[in-house]
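Colleague: One file is attached below, input_8.txt, containing compact mmCIF, C-alpha atoms.
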# COMPACT_ATOMS: atom_id res chain seq x y z
CA MET N 1 0.00 0.00 0.00
CA ASN N 2 1.40 3.41 -0.98
CA THR N 3 1.71 6.27 1.45
CA TRP N 4 0.71 9.83 0.64
CA ARG N 5 1.62 12.89 2.60
CA CYS N 6 -1.39 14.70 4.10
CA ILE N 7 -1.09 18.38 4.96
CA VAL N 8 -3.89 19.85 7.07
CA HIS N 9 -3.54 23.43 8.17
CA GLY N 10 -5.45 26.47 9.22
CA PRO N 11 -6.41 29.45 7.13
CA ALA N 12 -4.09 31.33 4.80
CA ASP N 13 -4.76 34.19 2.40
CA ALA N 14 -5.46 33.63 -1.29
CA PRO N 15 -1.97 34.23 -2.73
CA ALA N 16 -0.41 31.98 -0.07
CA ASN N 17 -2.91 29.18 -0.69
CA MET N 18 -2.35 29.21 -4.43
CA ALA N 19 1.42 29.47 -3.96
CA ILE N 20 1.42 26.35 -1.77
CA ASP N 21 -0.63 24.39 -4.32
CA GLU N 22 1.75 25.36 -7.14
CA SER N 23 4.80 24.52 -5.06
CA LEU N 24 3.33 21.09 -4.34
CA LEU N 25 2.65 20.64 -8.08
CA VAL N 26 6.28 21.40 -8.88
CA SER N 27 7.41 18.75 -6.38
CA GLY N 28 4.96 16.12 -7.57
CA THR N 29 5.16 14.26 -4.26
CA PRO N 30 1.84 12.46 -3.69
CA THR N 31 0.06 14.86 -1.35
CA LEU N 32 -3.44 15.53 -0.12
CA ARG N 33 -3.82 19.03 1.32
CA LEU N 34 -6.88 20.27 3.21
CA TYR N 35 -7.12 23.97 3.97
CA THR N 36 -9.20 27.10 4.43
CA TRP N 37 -9.00 30.76 3.46
CA HIS N 38 -8.76 33.95 5.46
CA PRO N 39 -9.87 36.43 4.36
CA SER N 40 -12.59 34.93 2.19
CA ALA N 41 -11.63 34.86 -1.46
CA LEU N 42 -12.94 34.46 -4.96
CA SER N 43 -10.70 32.31 -7.13
CA ILE N 44 -11.13 32.44 -10.88
CA GLY N 45 -10.07 29.92 -13.49
CA TYR N 46 -6.83 30.48 -15.38
CA PHE N 47 -8.65 31.29 -18.64
CA GLN N 48 -11.41 33.49 -17.27
CA GLY N 49 -11.62 37.19 -18.01
CA ILE N 50 -11.60 38.85 -14.61
CA ARG N 51 -13.65 41.86 -15.63
CA GLU N 52 -16.14 39.59 -17.40
CA GLU N 53 -16.69 37.39 -14.36
CA VAL N 54 -15.97 39.32 -11.17
CA ASN N 55 -17.74 42.24 -9.52
CA LEU N 56 -14.53 43.81 -8.26
CA ASP N 57 -16.32 46.59 -6.37
CA ALA N 58 -18.43 44.06 -4.46
CA CYS N 59 -15.35 42.01 -3.62
CA GLU N 60 -13.64 45.07 -2.21
CA ARG N 61 -16.78 46.06 -0.28
CA HIS N 62 -17.02 42.59 1.30
CA HIS N 63 -13.23 42.35 1.88
CA VAL N 64 -13.01 39.36 -0.42
CA ASP N 65 -9.65 38.73 -2.10
CA VAL N 66 -9.58 37.83 -5.78
CA VAL N 67 -6.98 35.41 -7.08
CA ARG N 68 -6.37 33.74 -10.43
CA ARG N 69 -5.76 30.01 -10.18
CA ILE N 70 -3.24 28.03 -12.18
CA SER N 71 -6.09 25.64 -13.09
CA GLY N 72 -8.96 26.16 -15.49
CA GLY N 73 -12.62 26.05 -14.57
CA GLY N 74 -14.94 28.68 -13.18
CA ALA N 75 -15.06 31.24 -10.39
CA VAL N 76 -15.28 29.78 -6.88
CA TYR N 77 -16.16 31.62 -3.69
CA HIS N 78 -14.10 30.41 -0.74
CA ASP N 79 -15.94 31.56 2.36
CA ARG N 80 -13.61 31.68 5.35
CA ALA N 81 -16.14 29.81 7.49
CA GLY N 82 -18.24 27.97 4.94
CA GLU N 83 -15.97 25.63 3.04
CA ILE N 84 -12.95 23.35 3.04
CA THR N 85 -10.64 23.31 0.04
CA TYR N 86 -8.73 20.21 -0.95
CA SER N 87 -5.79 19.87 -3.28
CA LEU N 88 -4.31 16.64 -4.51
CA VAL N 89 -0.95 16.31 -6.26
CA LEU N 90 0.06 13.04 -7.91
CA PRO N 91 2.42 11.88 -10.63
CA GLU N 92 0.43 11.46 -13.85
CA GLN N 93 1.00 7.72 -13.95
CA GLU N 94 -1.01 7.29 -10.75
CA LEU N 95 -4.15 8.57 -12.47
CA PRO N 96 -5.95 7.78 -15.73
CA ARG N 97 -4.30 9.64 -18.64
CA ASP N 98 -7.69 10.96 -19.74
CA VAL N 99 -8.52 14.22 -17.97
CA GLN N 100 -12.19 13.40 -17.51
CA GLN N 101 -11.44 9.96 -16.10
CA SER N 102 -8.81 11.30 -13.73
CA CYS N 103 -11.21 13.99 -12.53
CA GLU N 104 -13.85 11.33 -11.97
CA ARG N 105 -11.46 9.20 -9.91
CA ILE N 106 -10.58 12.08 -7.60
CA CYS N 107 -14.17 13.28 -7.31
CA THR N 108 -15.21 9.72 -6.46
CA ALA N 109 -12.82 9.87 -3.50
CA LEU N 110 -14.43 13.14 -2.39
CA ALA N 111 -17.87 11.58 -2.76
CA SER N 112 -16.76 8.55 -0.77
CA GLY N 113 -15.65 10.82 2.03
CA LEU N 114 -18.90 12.75 2.02
CA GLN N 115 -20.87 9.49 2.05
CA GLN N 116 -19.28 8.75 5.40
CA LEU N 117 -21.04 11.85 6.70
CA GLY N 118 -24.35 10.33 5.68
CA VAL N 119 -24.97 12.18 2.43
CA ASP N 120 -25.58 10.47 -0.90
CA ALA N 121 -22.74 12.14 -2.78
CA ARG N 122 -21.94 11.21 -6.39
CA PHE N 123 -19.56 12.38 -9.11
CA SER N 124 -21.33 14.48 -11.74
CA PRO N 125 -19.51 15.20 -15.00
CA LEU N 126 -17.61 17.21 -15.86
CA ASN N 127 -16.05 18.19 -12.55
CA ASP N 128 -18.61 18.25 -9.74
CA VAL N 129 -19.83 16.19 -6.82
CA VAL N 130 -23.58 16.37 -6.26
CA VAL N 131 -26.07 15.25 -3.65
CA ASN N 132 -29.61 14.68 -4.96
CA GLY N 133 -28.60 16.56 -8.10
CA GLN N 134 -27.36 19.60 -6.17
CA LYS N 135 -23.70 20.62 -6.32
CA ILE N 136 -21.72 20.33 -3.10
CA SER N 137 -18.21 20.31 -4.58
CA GLY N 138 -16.49 21.60 -7.71
CA SER N 139 -12.97 20.83 -8.84
CA ALA N 140 -10.36 22.10 -11.26
CA GLN N 141 -7.29 20.38 -12.63
CA THR N 142 -4.02 21.26 -14.27
CA ARG N 143 -0.93 19.29 -15.21
CA ARG N 144 2.72 20.22 -15.47
CA ARG N 145 5.83 18.19 -16.22
CA GLY N 146 4.27 14.84 -15.44
CA HIS N 147 2.48 15.99 -12.31
CA VAL N 148 -1.25 16.52 -11.75
CA LEU N 149 -2.80 19.12 -9.45
CA GLN N 150 -6.51 18.94 -8.80
CA HIS N 151 -8.06 21.25 -6.26
CA GLY N 152 -11.60 22.10 -5.32
CA THR N 153 -14.08 23.12 -2.73
CA VAL N 154 -16.40 21.27 -0.37
CA LEU N 155 -19.29 23.45 0.74
CA LEU N 156 -19.98 23.42 4.46
CA ASP N 157 -22.38 26.34 4.35
CA VAL N 158 -23.27 28.67 1.53
CA ASP N 159 -24.64 32.18 1.25
CA VAL N 160 -25.81 32.13 -2.35
CA ALA N 161 -26.84 35.80 -2.32
CA LEU N 162 -23.37 36.88 -1.19
CA MET N 163 -21.72 34.51 -3.64
CA PHE N 164 -23.67 35.98 -6.54
CA SER N 165 -23.07 39.55 -5.45
CA LEU N 166 -19.37 38.91 -6.08
CA LEU N 167 -19.94 37.78 -9.66
CA ARG N 168 -20.84 39.90 -12.65
CA VAL N 169 -24.54 39.95 -13.42
CA SER N 170 -26.03 42.63 -15.58
CA THR N 171 -29.33 43.53 -13.92
CA THR N 172 -31.13 43.05 -10.64
CA LYS N 173 -33.75 41.00 -12.43
CA ILE N 174 -31.17 38.63 -13.82
CA ALA N 175 -29.41 38.52 -10.46
CA ASP N 176 -32.59 37.52 -8.65
CA LYS N 177 -33.30 34.85 -11.21
CA ALA N 178 -29.74 33.60 -11.06
CA ILE N 179 -29.80 33.43 -7.25
CA THR N 180 -33.05 31.46 -7.31
CA GLU N 181 -31.67 29.07 -9.89
CA ALA N 182 -28.34 28.71 -8.11
CA SER N 183 -30.04 28.05 -4.79
CA ALA N 184 -31.80 25.12 -6.40
CA ARG N 185 -28.55 23.80 -7.86
CA VAL N 186 -26.24 24.20 -4.84
CA THR N 187 -26.27 22.52 -1.45
CA SER N 188 -24.03 22.32 1.60
CA LEU N 189 -23.30 19.98 4.48
CA ARG N 190 -25.14 22.30 6.85
CA HIS N 191 -28.24 22.16 4.67
CA LEU N 192 -28.02 18.38 4.36
CA THR N 193 -26.98 17.38 7.86
CA GLY N 194 -27.88 20.39 9.97
CA GLU N 195 -24.43 20.60 11.47
CA ILE N 196 -20.82 21.23 10.59
CA ASP N 197 -17.98 19.68 12.50
CA ARG N 198 -14.94 20.71 10.48
CA ASP N 199 -12.71 18.05 12.02
CA ASN N 200 -15.23 15.34 11.18
CA VAL N 201 -15.39 16.55 7.59
CA ILE N 202 -11.60 16.49 7.29
CA THR N 203 -11.41 12.98 8.74
CA ALA N 204 -14.14 11.78 6.37
CA LEU N 205 -12.42 13.27 3.32
CA GLN N 206 -9.12 11.69 4.32
CA GLN N 207 -10.85 8.32 4.65
CA GLY N 208 -12.51 8.74 1.26
CA PHE N 209 -9.17 9.30 -0.48
CA ALA N 210 -7.51 6.47 1.47
CA ASP N 211 -10.28 4.05 0.49
CA VAL N 212 -10.63 4.93 -3.19
CA PHE N 213 -6.89 5.14 -3.88
CA ASP N 214 -5.97 2.35 -1.45
CA VAL N 215 -3.31 4.45 0.24
CA THR N 216 -2.21 5.34 3.74
CA LEU N 217 -2.13 9.02 4.62
CA GLN N 218 0.69 10.28 6.76
CA GLU N 219 0.43 13.77 8.21
CA GLY N 220 3.32 15.99 7.22
CA GLY N 221 4.40 19.48 6.21
CA LEU N 222 6.14 21.22 3.36
CA THR N 223 9.72 20.31 2.52
CA ASP N 224 12.46 22.93 2.58
CA ASP N 225 12.39 23.11 -1.25
CA GLU N 226 8.63 23.61 -1.25
CA ARG N 227 8.92 26.37 1.33
CA GLU N 228 11.73 28.12 -0.52
CA ARG N 229 9.56 28.50 -3.63
CA LEU N 230 6.73 30.15 -1.71
CA PRO N 231 7.82 33.81 -1.54
CA GLU N 232 8.27 34.10 -5.30
CA LEU N 233 5.06 32.21 -6.05
CA ARG N 234 3.12 34.20 -3.49
CA GLU N 235 4.33 37.42 -5.10
CA LYS N 236 3.09 36.15 -8.48
CA TYR N 237 -0.39 35.33 -7.20
CA ALA N 238 -0.64 38.68 -5.41
CA SER N 239 0.43 40.65 -8.49
CA GLN N 240 -1.87 42.66 -10.73
CA GLU N 241 0.01 41.32 -13.74
CA TRP N 242 -1.03 37.74 -12.93
CA THR N 243 -4.54 38.46 -11.69
CA PHE N 244 -5.50 40.79 -14.54
CA GLN N 245 -3.76 38.93 -17.37
CA ARG N 246 -7.18 38.13 -18.91
CA MET X 1 -19.69 42.20 -47.38
CA PRO X 2 -17.91 41.00 -44.20
CA ALA X 3 -16.72 43.65 -41.75
CA ARG X 4 -13.02 44.51 -42.10
CA ASN X 5 -12.61 46.54 -38.92
CA GLY X 6 -13.97 46.55 -35.40
CA HIS X 7 -14.30 44.65 -32.15
CA PHE X 8 -16.19 41.37 -32.13
CA SER X 9 -17.21 38.84 -29.51
CA ALA X 10 -19.21 35.63 -29.10
CA ASP X 11 -19.92 33.04 -26.42
CA LEU X 12 -20.21 29.33 -27.07
CA LYS X 13 -21.50 26.99 -24.39
CA PRO X 14 -21.44 23.43 -25.74
CA ARG X 15 -24.01 21.03 -24.34
CA ARG X 16 -22.36 19.31 -21.37
CA GLY X 17 -19.31 21.47 -22.01
CA LYS X 18 -17.73 24.65 -20.72
CA LEU X 19 -18.09 28.29 -21.70
CA LEU X 20 -15.76 29.43 -24.47
CA ARG X 21 -15.74 33.16 -25.29
CA CYS X 22 -13.86 34.73 -28.18
CA THR X 23 -13.11 38.43 -28.30
CA LEU X 24 -11.22 39.75 -31.31
CA THR X 25 -10.27 42.90 -33.16
CA LEU X 26 -10.14 43.12 -36.94
CA GLU X 27 -7.98 45.73 -38.65
CA ASP X 28 -8.13 45.91 -42.45
CA GLY X 29 -9.65 42.46 -42.56
CA VAL X 30 -6.88 40.87 -40.49
CA ILE X 31 -7.06 39.63 -36.88
CA ALA X 32 -5.08 42.19 -34.92
CA ASP X 33 -5.88 40.78 -31.48
CA LEU X 34 -7.76 37.73 -30.25
CA ARG X 35 -8.54 36.31 -26.81
CA PHE X 36 -10.20 33.11 -25.69
CA THR X 37 -11.67 33.20 -22.20
CA GLY X 38 -14.05 30.99 -20.24
CA ASP X 39 -14.27 28.20 -17.69
CA PHE X 40 -12.85 25.49 -19.95
CA PHE X 41 -9.79 23.38 -19.15
CA MET X 42 -6.68 23.32 -21.31
CA MET X 43 -3.38 21.80 -20.28
CA PRO X 44 -0.79 23.16 -20.41
CA GLY X 45 -2.44 26.49 -19.68
CA ALA X 46 0.12 28.43 -21.71
CA ALA X 47 -1.16 26.73 -24.87
CA VAL X 48 -4.09 29.12 -25.13
CA ALA X 49 -1.76 32.14 -25.43
CA THR X 50 0.25 30.25 -28.04
CA LEU X 51 -2.95 29.60 -30.01
CA GLU X 52 -3.94 33.27 -29.76
CA ARG X 53 -0.56 34.35 -31.14
CA HIS X 54 -0.88 31.70 -33.85
CA LEU X 55 -4.13 33.29 -35.04
CA ALA X 56 -3.01 36.92 -34.94
CA GLY X 57 -2.29 38.33 -38.38
CA ARG X 58 -4.59 35.90 -40.18
CA THR X 59 -7.75 36.65 -42.09
CA PRO X 60 -11.07 35.19 -40.92
CA ASP X 61 -11.02 32.81 -43.90
CA ASP X 62 -7.75 31.29 -42.67
CA VAL X 63 -8.81 30.73 -39.07
CA ALA X 64 -10.34 27.25 -39.32
CA ALA X 65 -7.30 25.75 -41.03
CA ALA X 66 -4.96 27.53 -38.61
CA ILE X 67 -6.81 26.18 -35.57
CA ASP X 68 -6.86 22.65 -37.03
CA ALA X 69 -3.14 22.88 -37.71
CA PHE X 70 -2.43 24.10 -34.19
CA PHE X 71 -4.30 21.29 -32.46
CA SER X 72 -2.88 18.63 -34.78
CA GLN X 73 0.63 19.59 -33.66
CA ALA X 74 0.21 20.77 -30.07
CA GLU X 75 0.22 18.32 -27.19
CA VAL X 76 -2.82 19.68 -25.42
CA ASP X 77 -5.37 18.08 -23.11
CA MET X 78 -8.77 19.70 -22.85
CA LEU X 79 -11.98 19.24 -20.92
CA GLY X 80 -15.28 20.92 -21.72
CA VAL X 81 -14.26 22.12 -25.21
CA THR X 82 -12.87 20.60 -28.40
CA PRO X 83 -10.84 22.06 -31.29
CA LYS X 84 -14.01 22.44 -33.37
CA HIS X 85 -15.48 24.68 -30.67
CA PHE X 86 -12.57 27.09 -31.11
CA VAL X 87 -13.26 27.23 -34.85
CA GLU X 88 -16.97 27.72 -34.24
CA VAL X 89 -16.65 30.48 -31.64
CA VAL X 90 -14.31 32.51 -33.86
CA ARG X 91 -16.77 32.19 -36.73
CA MET X 92 -19.58 33.30 -34.43
CA ALA X 93 -17.56 36.24 -33.13
CA ILE X 94 -16.73 37.57 -36.59
CA LYS X 95 -20.46 37.88 -37.25
CA ASN X 96 -21.11 39.68 -33.98
CA ARG X 97 -19.72 43.20 -33.78
CA LYS X 98 -19.61 44.57 -30.19
Let me see whether you can do it: turn the structure in this file into structure tokens.
Modeller:
Amino acid sequence: MNTWRCIVHGPADAPANMAIDESLLVSGTPTLRLYTWHPSALSIGYFQGIREEVNLDACERHHVDVVRRISGGGAVYHDRAGEITYSLVLPEQELPRDVQQSCERICTALASGLQQLGVDARFSPLNDVVVNGQKISGSAQTRRRGHVLQHGTVLLDVDVALMFSLLRVSTTKIADKAITEASARVTSLRHLTGEIDRDNVITALQQGFADVFDVTLQEGGLTDDERERLPELREKYASQEWTFQR
Amino acid sequence: MPARNGHFSADLKPRRGKLLRCTLTLEDGVIADLRFTGDFFMMPGAAVATLERHLAGRTPDDVAAAIDAFFSQAEVDMLGVTPKHFVEVVRMAIKNRK
């Protein structure tokens, strides 16, 4: 049975969180990381146009950081109290070569973890985990030099109105409609189970990955090399040049 | 007669796929600037900028062949979009002045 490193840590700000994920991707050491954000942040996909997708004034008003990810996909609101983010780094050969199949494998591990909390979680193509058809987790993936990084969110609690106020919508009418529709499509562990015990969620997610990938998780931290890369990477993610490149 | 100058844009959301948006500028009938944005996945990520540069300086009539040539040579993995979607969204954009 293989052993993966598991890094669980408290909140960090958006540039630091994305810097750590990229540093882990460079290493390629099999690693599951579970983390949170403070302050709350909106992360956008690598290919998204920031001015097309993000209400920058609302983000500033709500003290929400905006960061561009290294991975594709859509905008994700990372509430400092309402979600847990996971990232998984593996060598490519430990996953299916096909992007969709590899995403499914990882999302199946997430779903397995959530099932241990008593919710009927399932992978939903292309990159979501749903419960009763409602999204509880979304993921994004990128690959570099033979290594895969997939990261994503698990919703503990969700304020759909706040989430939508941070995104670009053209009129109040459309915003109201979008919020109603999104509320029907999104769920959270609080909504499903009535409670949130963050430690229980982390333990369940760890078990889900251990079961699906048949690995042992060993708690650990960053290596010296991984730490040394952080200042430069953090500076990149905090820069206007990176964030506003599209 | 097709437009030879101006700013153009179109969105393509394939069924069970991801949003692909094309924004481009035509100057004297040639693509002066072109951007693809959206929530699609392309790996490596830098490939999209390479594709954009590959299309700059071409006429709209040359775009489909240029995109086909790019994807036949580039080692790119995608999720939520296919090469034909890139051809289609550029065609849509050229008909849709901003």
Colleague: Return the single residue from X:Val76, X:Met92, X:Leu24, X:Leu19 that is closest to Thr50 (chain X), with distances computed using only C-alpha atoms.
Modeller: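 Under the stated criterion, the closest residue is X:Val76.
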Colleague: Pick out the chain N residues within 6 Å of chain X. Count all atoms listed in the file. Give them as a list in words.
Modeller: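 Close enough to count are Phe47, Gln48, Gly49, Gly72, Gly73 and Gly74 of chain N.
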Colleague: Hey, what's within 10 Å of Leu55 (chain X) if we count all atoms listed in the file and toss same-chain stuff fewer than 3 positions away? As a ChimeraX atom specification, please?
Modeller: /X:30-35,49-52,58-60,62-64,66-67,70
Colleague: Taking into account all atoms listed in the file, which residue in the set N:Thr180, N:Leu192, N:Val26, N:Pro91 is nearest to Thr223 (chain N)?
Modeller: N:Val26
Colleague: Could you check which of X:Thr82, X:Ser9, X:Ala47, X:Arg91 is closest to Tyr46 (chain N), using all atoms listed in the file?
Modeller: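 Closest candidate: X:Ala47.
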Colleague: I need the residue nearest Val67 (chain N) from this list: N:Pro39, N:Gly118, N:Pro30, N:Pro15. Use only C-alpha atoms for the distance.
Modeller: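 Checking each candidate against Val67 (chain N), we get N:Pro15 as the closest.
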Colleague: What is the CA of His147 (chain N) to CA of Leu88 (chain N) distance in Å?
Modeller: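 It comes out at 10.4 Å.
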Colleague: Grab the CA of Arg198 (chain N) to CA of Ser71 (chain N) distance for me, in Å with one decimal place.
Modeller: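 Distance between the two atoms: 25.7 Å.
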